[in-house]
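Everything below belongs to input_35.cif, which stores mmCIF, C-alpha atoms.
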```cif
data_work
loop_
_atom_site.group_PDB
_atom_site.id
_atom_site.type_symbol
_atom_site.label_atom_id
_atom_site.label_comp_id
_atom_site.auth_asym_id
_atom_site.auth_seq_id
_atom_site.Cartn_x
_atom_site.Cartn_y
_atom_site.Cartn_z
ATOM 1 C CA MET A 1 25.423 4.953 -186.336
ATOM 2 C CA LYS A 2 28.134 4.730 -188.968
ATOM 3 C CA ASN A 3 31.009 7.191 -188.834
ATOM 4 C CA TYR A 4 30.830 8.694 -192.313
ATOM 5 C CA LYS A 5 33.652 11.058 -193.240
ATOM 6 C CA TYR A 6 32.083 13.180 -195.961
ATOM 7 C CA ILE A 7 28.312 12.800 -195.724
ATOM 8 C CA TYR A 8 26.217 13.806 -192.739
ATOM 9 C CA GLY A 9 22.637 14.066 -191.577
ATOM 10 C CA PRO A 10 19.979 13.967 -192.798
ATOM 11 C CA VAL A 11 19.257 17.220 -190.992
ATOM 12 C CA PRO A 12 15.902 18.992 -190.632
ATOM 13 C CA SER A 13 16.316 22.071 -192.795
ATOM 14 C CA TRP A 14 13.812 24.934 -192.815
ATOM 15 C CA ARG A 15 14.756 25.508 -196.456
ATOM 16 C CA LEU A 16 15.270 22.007 -197.828
ATOM 17 C CA GLY A 17 13.145 19.645 -195.749
ATOM 18 C CA SER A 18 15.137 16.474 -195.019
ATOM 19 C CA SER A 19 18.628 17.291 -196.250
ATOM 20 C CA LEU A 20 21.534 14.852 -196.562
ATOM 21 C CA GLY A 21 24.737 16.869 -196.459
ATOM 22 C CA ILE A 22 27.882 16.315 -198.481
ATOM 23 C CA ASP A 23 31.128 17.977 -197.508
ATOM 24 C CA PRO A 24 33.348 18.021 -200.625
ATOM 25 C CA LEU A 25 36.239 19.746 -198.847
ATOM 26 C CA SER A 26 37.332 18.108 -195.621
ATOM 27 C CA GLU A 27 36.584 15.616 -192.893
ATOM 28 C CA LYS A 28 38.437 17.604 -190.236
ATOM 29 C CA VAL A 29 38.732 21.380 -190.696
ATOM 30 C CA LYS A 30 36.878 24.371 -192.116
ATOM 31 C CA ILE A 31 38.215 25.375 -195.546
ATOM 32 C CA CYS A 32 36.788 28.593 -196.966
ATOM 33 C CA ASN A 33 37.517 31.953 -198.574
ATOM 34 C CA PHE A 34 35.250 33.735 -196.057
ATOM 35 C CA ASP A 35 35.399 33.884 -192.265
ATOM 36 C CA CYS A 36 31.870 35.155 -191.560
ATOM 37 C CA ILE A 37 31.389 36.643 -188.112
ATOM 38 C CA TYR A 38 28.193 34.613 -187.681
ATOM 39 C CA CYS A 39 29.579 31.253 -188.878
ATOM 40 C CA GLN A 40 28.148 28.507 -186.735
ATOM 41 C CA ILE A 41 30.903 25.972 -187.395
ATOM 42 C CA GLY A 42 33.671 28.226 -186.106
ATOM 43 C CA LYS A 43 36.648 30.087 -187.530
ATOM 44 C CA THR A 44 38.122 29.325 -190.942
ATOM 45 C CA LYS A 45 41.178 27.123 -190.423
ATOM 46 C CA ILE A 46 42.427 27.069 -194.006
ATOM 47 C CA PHE A 47 41.848 29.981 -196.386
ATOM 48 C CA ALA A 48 41.695 28.804 -199.990
ATOM 49 C CA LYS A 49 41.340 30.879 -203.154
ATOM 50 C CA GLU A 50 42.078 28.271 -205.824
ATOM 51 C CA ARG A 51 39.767 25.444 -206.797
ATOM 52 C CA LYS A 52 41.220 21.966 -206.390
ATOM 53 C CA VAL A 53 40.159 18.415 -205.638
ATOM 54 C CA PHE A 54 40.025 18.095 -201.873
ATOM 55 C CA VAL A 55 38.062 14.840 -201.704
ATOM 56 C CA PRO A 56 38.087 12.380 -204.637
ATOM 57 C CA THR A 57 34.658 11.848 -206.203
ATOM 58 C CA ALA A 58 34.969 8.085 -205.695
ATOM 59 C CA LYS A 59 35.114 8.501 -201.905
ATOM 60 C CA ILE A 60 31.868 10.502 -201.884
ATOM 61 C CA ILE A 61 30.101 7.966 -204.116
ATOM 62 C CA LYS A 62 31.327 5.059 -201.972
ATOM 63 C CA GLU A 63 29.737 6.611 -198.876
ATOM 64 C CA ILE A 64 26.473 7.387 -200.655
ATOM 65 C CA LYS A 65 26.250 3.810 -201.919
ATOM 66 C CA SER A 66 26.679 2.545 -198.353
ATOM 67 C CA LEU A 67 23.721 4.561 -197.024
ATOM 68 C CA PRO A 68 20.941 2.689 -195.240
ATOM 69 C CA ALA A 69 17.381 3.247 -196.418
ATOM 70 C CA VAL A 70 16.736 6.887 -195.571
ATOM 71 C CA ARG A 71 14.098 9.329 -196.759
ATOM 72 C CA ILE A 72 15.516 12.643 -197.960
ATOM 73 C CA ASP A 73 14.333 15.606 -200.019
ATOM 74 C CA TYR A 74 17.716 16.962 -201.109
ATOM 75 C CA ILE A 75 21.312 15.862 -201.275
ATOM 76 C CA THR A 76 23.027 19.093 -200.318
ATOM 77 C CA PHE A 77 26.608 20.225 -200.910
ATOM 78 C CA SER A 78 27.585 22.314 -197.898
ATOM 79 C CA GLY A 79 29.610 21.206 -194.876
ATOM 80 C CA SER A 80 32.821 22.685 -193.495
ATOM 81 C CA GLY A 81 33.433 25.501 -195.962
ATOM 82 C CA GLU A 82 32.684 26.813 -199.460
ATOM 83 C CA PRO A 83 31.698 23.858 -201.694
ATOM 84 C CA THR A 84 32.474 25.584 -205.012
ATOM 85 C CA LEU A 85 36.159 25.485 -204.052
ATOM 86 C CA ALA A 86 35.959 21.778 -204.929
ATOM 87 C CA LYS A 87 37.152 21.531 -208.527
ATOM 88 C CA ASN A 88 35.295 18.224 -208.922
ATOM 89 C CA LEU A 89 31.922 19.613 -207.761
ATOM 90 C CA GLY A 90 30.335 19.117 -211.188
ATOM 91 C CA GLN A 91 31.801 15.636 -211.481
ATOM 92 C CA MET A 92 30.347 14.725 -208.086
ATOM 93 C CA ILE A 93 26.883 16.028 -209.011
ATOM 94 C CA LYS A 94 26.892 14.026 -212.257
ATOM 95 C CA ALA A 95 28.047 10.867 -210.462
ATOM 96 C CA ILE A 96 25.366 11.192 -207.767
ATOM 97 C CA LYS A 97 22.631 11.706 -210.346
ATOM 98 C CA LYS A 98 23.585 8.394 -211.941
ATOM 99 C CA ILE A 99 22.879 6.479 -208.728
ATOM 100 C CA SER A 100 20.242 8.593 -206.964
ATOM 101 C CA LYS A 101 16.894 10.151 -207.828
ATOM 102 C CA GLU A 102 17.041 12.830 -205.129
ATOM 103 C CA LYS A 103 17.387 16.462 -206.096
ATOM 104 C CA ILE A 104 20.763 18.153 -205.679
ATOM 105 C CA ALA A 105 21.209 21.446 -203.805
ATOM 106 C CA VAL A 106 24.341 23.559 -203.392
ATOM 107 C CA LEU A 107 24.728 26.147 -200.640
ATOM 108 C CA THR A 108 27.313 28.716 -201.742
ATOM 109 C CA ASN A 109 28.732 31.974 -200.410
ATOM 110 C CA SER A 110 28.570 33.239 -204.031
ATOM 111 C CA SER A 111 32.249 34.209 -204.093
ATOM 112 C CA LEU A 112 33.107 32.190 -207.203
ATOM 113 C CA MET A 113 29.837 32.472 -209.118
ATOM 114 C CA HIS A 114 31.389 34.879 -211.631
ATOM 115 C CA ARG A 115 33.661 32.074 -212.882
ATOM 116 C CA LYS A 116 32.553 30.130 -215.976
ATOM 117 C CA ASP A 117 33.791 26.805 -214.578
ATOM 118 C CA VAL A 118 31.844 27.315 -211.354
ATOM 119 C CA GLN A 119 28.712 28.318 -213.242
ATOM 120 C CA LYS A 120 29.052 25.190 -215.395
ATOM 121 C CA ASP A 121 29.138 23.037 -212.249
ATOM 122 C CA LEU A 122 26.256 24.835 -210.555
ATOM 123 C CA LEU A 123 24.069 24.530 -213.666
ATOM 124 C CA LEU A 124 23.987 20.779 -212.958
ATOM 125 C CA ALA A 125 22.227 21.310 -209.612
ATOM 126 C CA ASP A 126 18.475 21.470 -209.093
ATOM 127 C CA PHE A 127 18.613 24.135 -206.389
ATOM 128 C CA VAL A 128 21.313 26.735 -205.711
ATOM 129 C CA VAL A 129 21.205 28.805 -202.539
ATOM 130 C CA ALA A 130 23.509 31.833 -202.877
ATOM 131 C CA LYS A 131 24.559 34.104 -200.028
ATOM 132 C CA LEU A 132 24.150 37.896 -200.187
ATOM 133 C CA ASP A 133 24.527 39.696 -196.850
ATOM 134 C CA ALA A 134 25.465 43.246 -197.864
ATOM 135 C CA HIS A 135 25.012 46.019 -200.405
ATOM 136 C CA LEU A 136 28.390 47.772 -200.023
ATOM 137 C CA GLN A 137 31.946 46.447 -199.978
ATOM 138 C CA ASP A 138 32.788 47.744 -196.490
ATOM 139 C CA ILE A 139 29.719 46.088 -194.941
ATOM 140 C CA PHE A 140 30.494 42.906 -196.874
ATOM 141 C CA VAL A 141 34.039 42.878 -195.509
ATOM 142 C CA ARG A 142 32.841 43.537 -191.967
ATOM 143 C CA ILE A 143 30.305 40.689 -191.981
ATOM 144 C CA ASN A 144 31.761 38.040 -194.294
ATOM 145 C CA GLN A 145 35.482 38.759 -193.747
ATOM 146 C CA PRO A 146 36.474 37.509 -197.218
ATOM 147 C CA MET A 147 39.961 37.067 -198.602
ATOM 148 C CA LYS A 148 41.268 40.427 -199.852
ATOM 149 C CA THR A 149 40.861 39.654 -203.550
ATOM 150 C CA ILE A 150 37.087 39.093 -203.291
ATOM 151 C CA GLY A 151 34.797 41.988 -204.222
ATOM 152 C CA LEU A 152 31.059 42.335 -203.666
ATOM 153 C CA GLU A 153 30.398 43.951 -207.055
ATOM 154 C CA LYS A 154 31.862 40.939 -208.869
ATOM 155 C CA ILE A 155 29.762 38.623 -206.690
ATOM 156 C CA ILE A 156 26.533 40.453 -207.555
ATOM 157 C CA LYS A 157 27.356 40.440 -211.278
ATOM 158 C CA GLY A 158 28.168 36.741 -211.063
ATOM 159 C CA ILE A 159 24.838 35.888 -209.441
ATOM 160 C CA LYS A 160 22.951 37.918 -212.071
ATOM 161 C CA LYS A 161 24.783 36.196 -214.914
ATOM 162 C CA PHE A 162 24.160 32.765 -213.423
ATOM 163 C CA LYS A 163 20.474 33.540 -212.932
ATOM 164 C CA GLY A 164 20.154 34.219 -216.669
ATOM 165 C CA LYS A 165 21.432 30.724 -217.493
ATOM 166 C CA PHE A 166 20.023 28.572 -214.703
ATOM 167 C CA ARG A 167 16.943 26.441 -215.316
ATOM 168 C CA GLY A 168 16.723 25.170 -211.754
ATOM 169 C CA LYS A 169 15.662 27.035 -208.613
ATOM 170 C CA LEU A 170 17.832 29.929 -207.408
ATOM 171 C CA ALA A 171 17.450 31.309 -203.896
ATOM 172 C CA LEU A 172 19.250 34.201 -202.249
ATOM 173 C CA GLN A 173 19.946 33.714 -198.575
ATOM 174 C CA ILE A 174 20.460 36.854 -196.480
ATOM 175 C CA MET A 175 21.757 36.423 -192.935
ATOM 176 C CA PHE A 176 20.503 39.418 -190.983
ATOM 177 C CA ILE A 177 22.359 40.466 -187.849
ATOM 178 C CA ASP A 178 22.939 43.787 -186.077
ATOM 179 C CA GLU A 179 25.631 44.781 -188.599
ATOM 180 C CA ASN A 180 23.330 44.769 -191.633
ATOM 181 C CA LYS A 181 19.756 45.042 -190.347
ATOM 182 C CA LYS A 182 19.577 48.799 -190.972
ATOM 183 C CA TYR A 183 20.515 48.227 -194.627
ATOM 184 C CA ALA A 184 17.623 45.855 -195.388
ATOM 185 C CA LYS A 185 16.016 48.319 -197.799
ATOM 186 C CA GLN A 186 19.219 48.759 -199.817
ATOM 187 C CA ILE A 187 19.836 45.001 -199.886
ATOM 188 C CA SER A 188 16.265 44.368 -201.033
ATOM 189 C CA LYS A 189 16.789 46.667 -204.045
ATOM 190 C CA ILE A 190 19.732 44.542 -205.204
ATOM 191 C CA VAL A 191 17.729 41.368 -204.608
ATOM 192 C CA ARG A 192 14.886 42.673 -206.780
ATOM 193 C CA LYS A 193 17.330 43.351 -209.629
ATOM 194 C CA ILE A 194 18.643 39.798 -209.411
ATOM 195 C CA ASP A 195 15.057 38.470 -209.258
ATOM 196 C CA PRO A 196 15.685 35.071 -207.604
ATOM 197 C CA ASP A 197 13.062 32.344 -207.421
ATOM 198 C CA GLU A 198 13.147 32.556 -203.643
ATOM 199 C CA VAL A 199 14.463 34.860 -200.907
ATOM 200 C CA GLN A 200 15.516 33.273 -197.611
ATOM 201 C CA LEU A 201 15.537 35.657 -194.646
ATOM 202 C CA ASN A 202 17.753 34.152 -191.997
ATOM 203 C CA THR A 203 19.373 35.003 -188.667
ATOM 204 C CA PRO A 204 21.854 32.772 -186.776
ATOM 205 C CA LEU A 205 19.754 30.675 -184.399
ATOM 206 C CA ARG A 206 22.522 28.170 -183.674
ATOM 207 C CA PRO A 207 25.303 29.176 -181.236
ATOM 208 C CA CYS A 208 27.854 31.589 -182.710
ATOM 209 C CA GLY A 209 29.638 34.846 -181.934
ATOM 210 C CA VAL A 210 26.801 37.265 -182.734
ATOM 211 C CA ARG A 211 23.266 37.928 -181.539
ATOM 212 C CA PRO A 212 20.377 36.602 -183.640
ATOM 213 C CA LEU A 213 17.649 39.066 -184.510
ATOM 214 C CA SER A 214 14.305 38.566 -182.824
ATOM 215 C CA ARG A 215 11.196 37.391 -184.643
ATOM 216 C CA LYS A 216 9.884 40.963 -184.459
ATOM 217 C CA GLU A 217 13.071 42.448 -185.944
ATOM 218 C CA LEU A 218 13.139 39.971 -188.813
ATOM 219 C CA ALA A 219 9.415 40.436 -189.471
ATOM 220 C CA ALA A 220 10.017 44.190 -189.857
ATOM 221 C CA ILE A 221 12.801 43.472 -192.363
ATOM 222 C CA LYS A 222 10.513 41.150 -194.330
ATOM 223 C CA GLN A 223 8.349 44.143 -195.289
ATOM 224 C CA TYR A 224 11.080 45.312 -197.669
ATOM 225 C CA PHE A 225 10.736 42.079 -199.649
ATOM 226 C CA LYS A 226 6.986 42.325 -200.292
ATOM 227 C CA GLY A 227 5.834 40.759 -203.528
ATOM 228 C CA MET A 228 8.765 38.325 -203.637
ATOM 229 C CA ASN A 229 8.657 34.616 -202.873
ATOM 230 C CA CYS A 230 10.073 35.000 -199.395
ATOM 231 C CA ILE A 231 10.595 32.403 -196.673
ATOM 232 C CA PHE A 232 11.365 33.287 -193.107
ATOM 233 C CA VAL A 233 13.464 31.279 -190.647
ATOM 234 C CA TYR A 234 11.010 31.938 -187.800
ATOM 235 C CA GLY A 235 7.976 31.000 -189.841
ATOM 236 C CA SER A 236 9.137 27.713 -191.378
ATOM 237 C CA GLU A 237 8.439 24.265 -189.983
ATOM 238 C CA LYS A 238 11.147 21.597 -189.926
ATOM 239 C CA LYS A 239 10.602 17.907 -190.542
ATOM 240 C CA LYS A 240 11.400 15.349 -187.890
ATOM 241 C CA VAL A 241 14.561 13.684 -189.135
ATOM 242 C CA LYS A 242 16.781 11.002 -187.638
ATOM 243 C CA PRO A 243 20.433 11.460 -188.637
ATOM 244 C CA ILE A 244 22.511 8.494 -189.737
ATOM 245 C CA SER A 245 25.691 9.987 -188.287
ATOM 246 C CA LYS A 246 25.156 12.221 -185.282
ATOM 247 C CA LYS A 247 28.852 12.894 -184.664
ATOM 248 C CA GLU A 248 29.446 14.249 -188.152
ATOM 249 C CA THR A 249 26.253 16.292 -188.065
ATOM 250 C CA ILE A 250 27.265 18.004 -184.838
ATOM 251 C CA LYS A 251 30.803 18.651 -186.124
ATOM 252 C CA ARG A 252 29.648 20.392 -189.281
ATOM 253 C CA ARG A 253 26.468 22.122 -188.111
ATOM 254 C CA GLY A 254 26.965 22.907 -184.417
ATOM 255 C CA LYS A 255 23.879 20.928 -183.460
ATOM 256 C CA ILE A 256 21.255 18.847 -185.254
ATOM 257 C CA GLN A 257 18.202 21.058 -184.838
ATOM 258 C CA ASP A 258 18.532 24.409 -186.608
#
```
Spell out the structure here as structure tokens.
Amino acid sequence: MKNYKYIYGPVPSWRLGSSLGIDPLSEKVKICNFDCIYCQIGKTKIFAKERKVFVPTAKIIKEIKSLPAVRIDYITFSGSGEPTLAKNLGQMIKAIKKISKEKIAVLTNSSLMHRKDVQKDLLLADFVVAKLDAHLQDIFVRINQPMKTIGLEKIIKGIKKFKGKFRGKLALQIMFIDENKKYAKQISKIVRKIDPDEVQLNTPLRPCGVRPLSRKELAAIKQYFKGMNCIFVYGSEKKKVKPISKKETIKRRGKIQD
């Protein structure tokens, strides 16, 4: 297996099928503007609030061009932190689309979706998965532990505005844990106002610092999202996928199967 620095997988994703990951931020440490209590790749090492080029686009393209023949459903920007912090995210998406036919997905914590430059970049993707774990600022702070300048209200407005422009598929991912499970009804009301193409009900099944909810607990929460296109981490099958770089997959995702 080749030791890629910025691409990893493919991994068997319950949301994306066979997903080849791209980390546009770092080959070594977690760079983010959140420090979520359930994060399965560990604590945030570098807090960043400004967008900048962390990894040159050419380095990402070089690795993608060196890939062996591999069957994937999505090329997914994720990895060791918040991918929209990469100022060259849009440039990378455009460059990949010139050399690959696979669809592009971006997994985002939604923190920068209110920004016009971030929206412009995300509009280039085929699938955007945006995080929304809370309905009130204090719960948001408790769960996602964002940098002090980040507010939930601005995040929600940003997602709504982006939804009005986006012609691809928008999903909202909600990570349910003990801290927010009793607010499922309130969260569902916000989700209905946003009206995403898909709702992803998740709980942290990979090792981390908090307890995952049981199948029964998450099934009870699902009732609040009736009538929406809702997928459920316990009810989704994963493809059998052989990673091209096991070391990098483990580093960025905790373990291969999730």
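Between CA of Gly158 (chain A) and CA of Asp35 (chain A) there is a distance of 20.3 Å.
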Residues matched by the PyMOL selection byres ((chain A and resi 166-177) around 8), written as a ChimeraX atom specification: /A:123,125-133,162-165,178-181,191,196-204,210-213,218
Pull C-alpha atoms from the residues just selected and write them as a compact mmCIF listing (two decimals), in the coordinates of the input.
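Contents of again-v2.txt, as written:
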```
# COMPACT_ATOMS: atom_id res chain seq x y z
CA LEU A 123 24.07 24.53 -213.67
CA ALA A 125 22.23 21.31 -209.61
CA ASP A 126 18.48 21.47 -209.09
CA PHE A 127 18.61 24.14 -206.39
CA VAL A 128 21.31 26.74 -205.71
CA VAL A 129 21.20 28.80 -202.54
CA ALA A 130 23.51 31.83 -202.88
CA LYS A 131 24.56 34.10 -200.03
CA LEU A 132 24.15 37.90 -200.19
CA ASP A 133 24.53 39.70 -196.85
CA PHE A 162 24.16 32.76 -213.42
CA LYS A 163 20.47 33.54 -212.93
CA GLY A 164 20.15 34.22 -216.67
CA LYS A 165 21.43 30.72 -217.49
CA ASP A 178 22.94 43.79 -186.08
CA GLU A 179 25.63 44.78 -188.60
CA ASN A 180 23.33 44.77 -191.63
CA LYS A 181 19.76 45.04 -190.35
CA VAL A 191 17.73 41.37 -204.61
CA PRO A 196 15.68 35.07 -207.60
CA ASP A 197 13.06 32.34 -207.42
CA GLU A 198 13.15 32.56 -203.64
CA VAL A 199 14.46 34.86 -200.91
CA GLN A 200 15.52 33.27 -197.61
CA LEU A 201 15.54 35.66 -194.65
CA ASN A 202 17.75 34.15 -192.00
CA THR A 203 19.37 35.00 -188.67
CA PRO A 204 21.85 32.77 -186.78
CA VAL A 210 26.80 37.26 -182.73
CA ARG A 211 23.27 37.93 -181.54
CA PRO A 212 20.38 36.60 -183.64
CA LEU A 213 17.65 39.07 -184.51
CA LEU A 218 13.14 39.97 -188.81
```
Polymer residues at most 9 Å from Lys52 (chain A), only C-alpha atoms, same-chain spacing of 5 or more positions, as JSON, numbers by chain: {"A": [85, 86, 87, 88]}
Selection file, C-alpha atoms, as a PDB file, in the coordinates of the input:
```
ATOM      1  CA  LEU A  85      36.159  25.485-204.052  1.00  0.00           C
ATOM      2  CA  ALA A  86      35.959  21.778-204.929  1.00  0.00           C
ATOM      3  CA  LYS A  87      37.152  21.531-208.527  1.00  0.00           C
ATOM      4  CA  ASN A  88      35.295  18.224-208.922  1.00  0.00           C
TER       5      ASN A  88
END
```
Contacts of Asp117 (chain A) within 10 Å, all atoms listed in the file, excl. fewer than 2 positions in-chain, as a VMD selection string: chain A and resid 51 84 87 90 112 to 115 119 to 122
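With CA of Lys226 (chain A) on one side and CA of Leu16 (chain A) on the other, the separation reads 22.1 Å.
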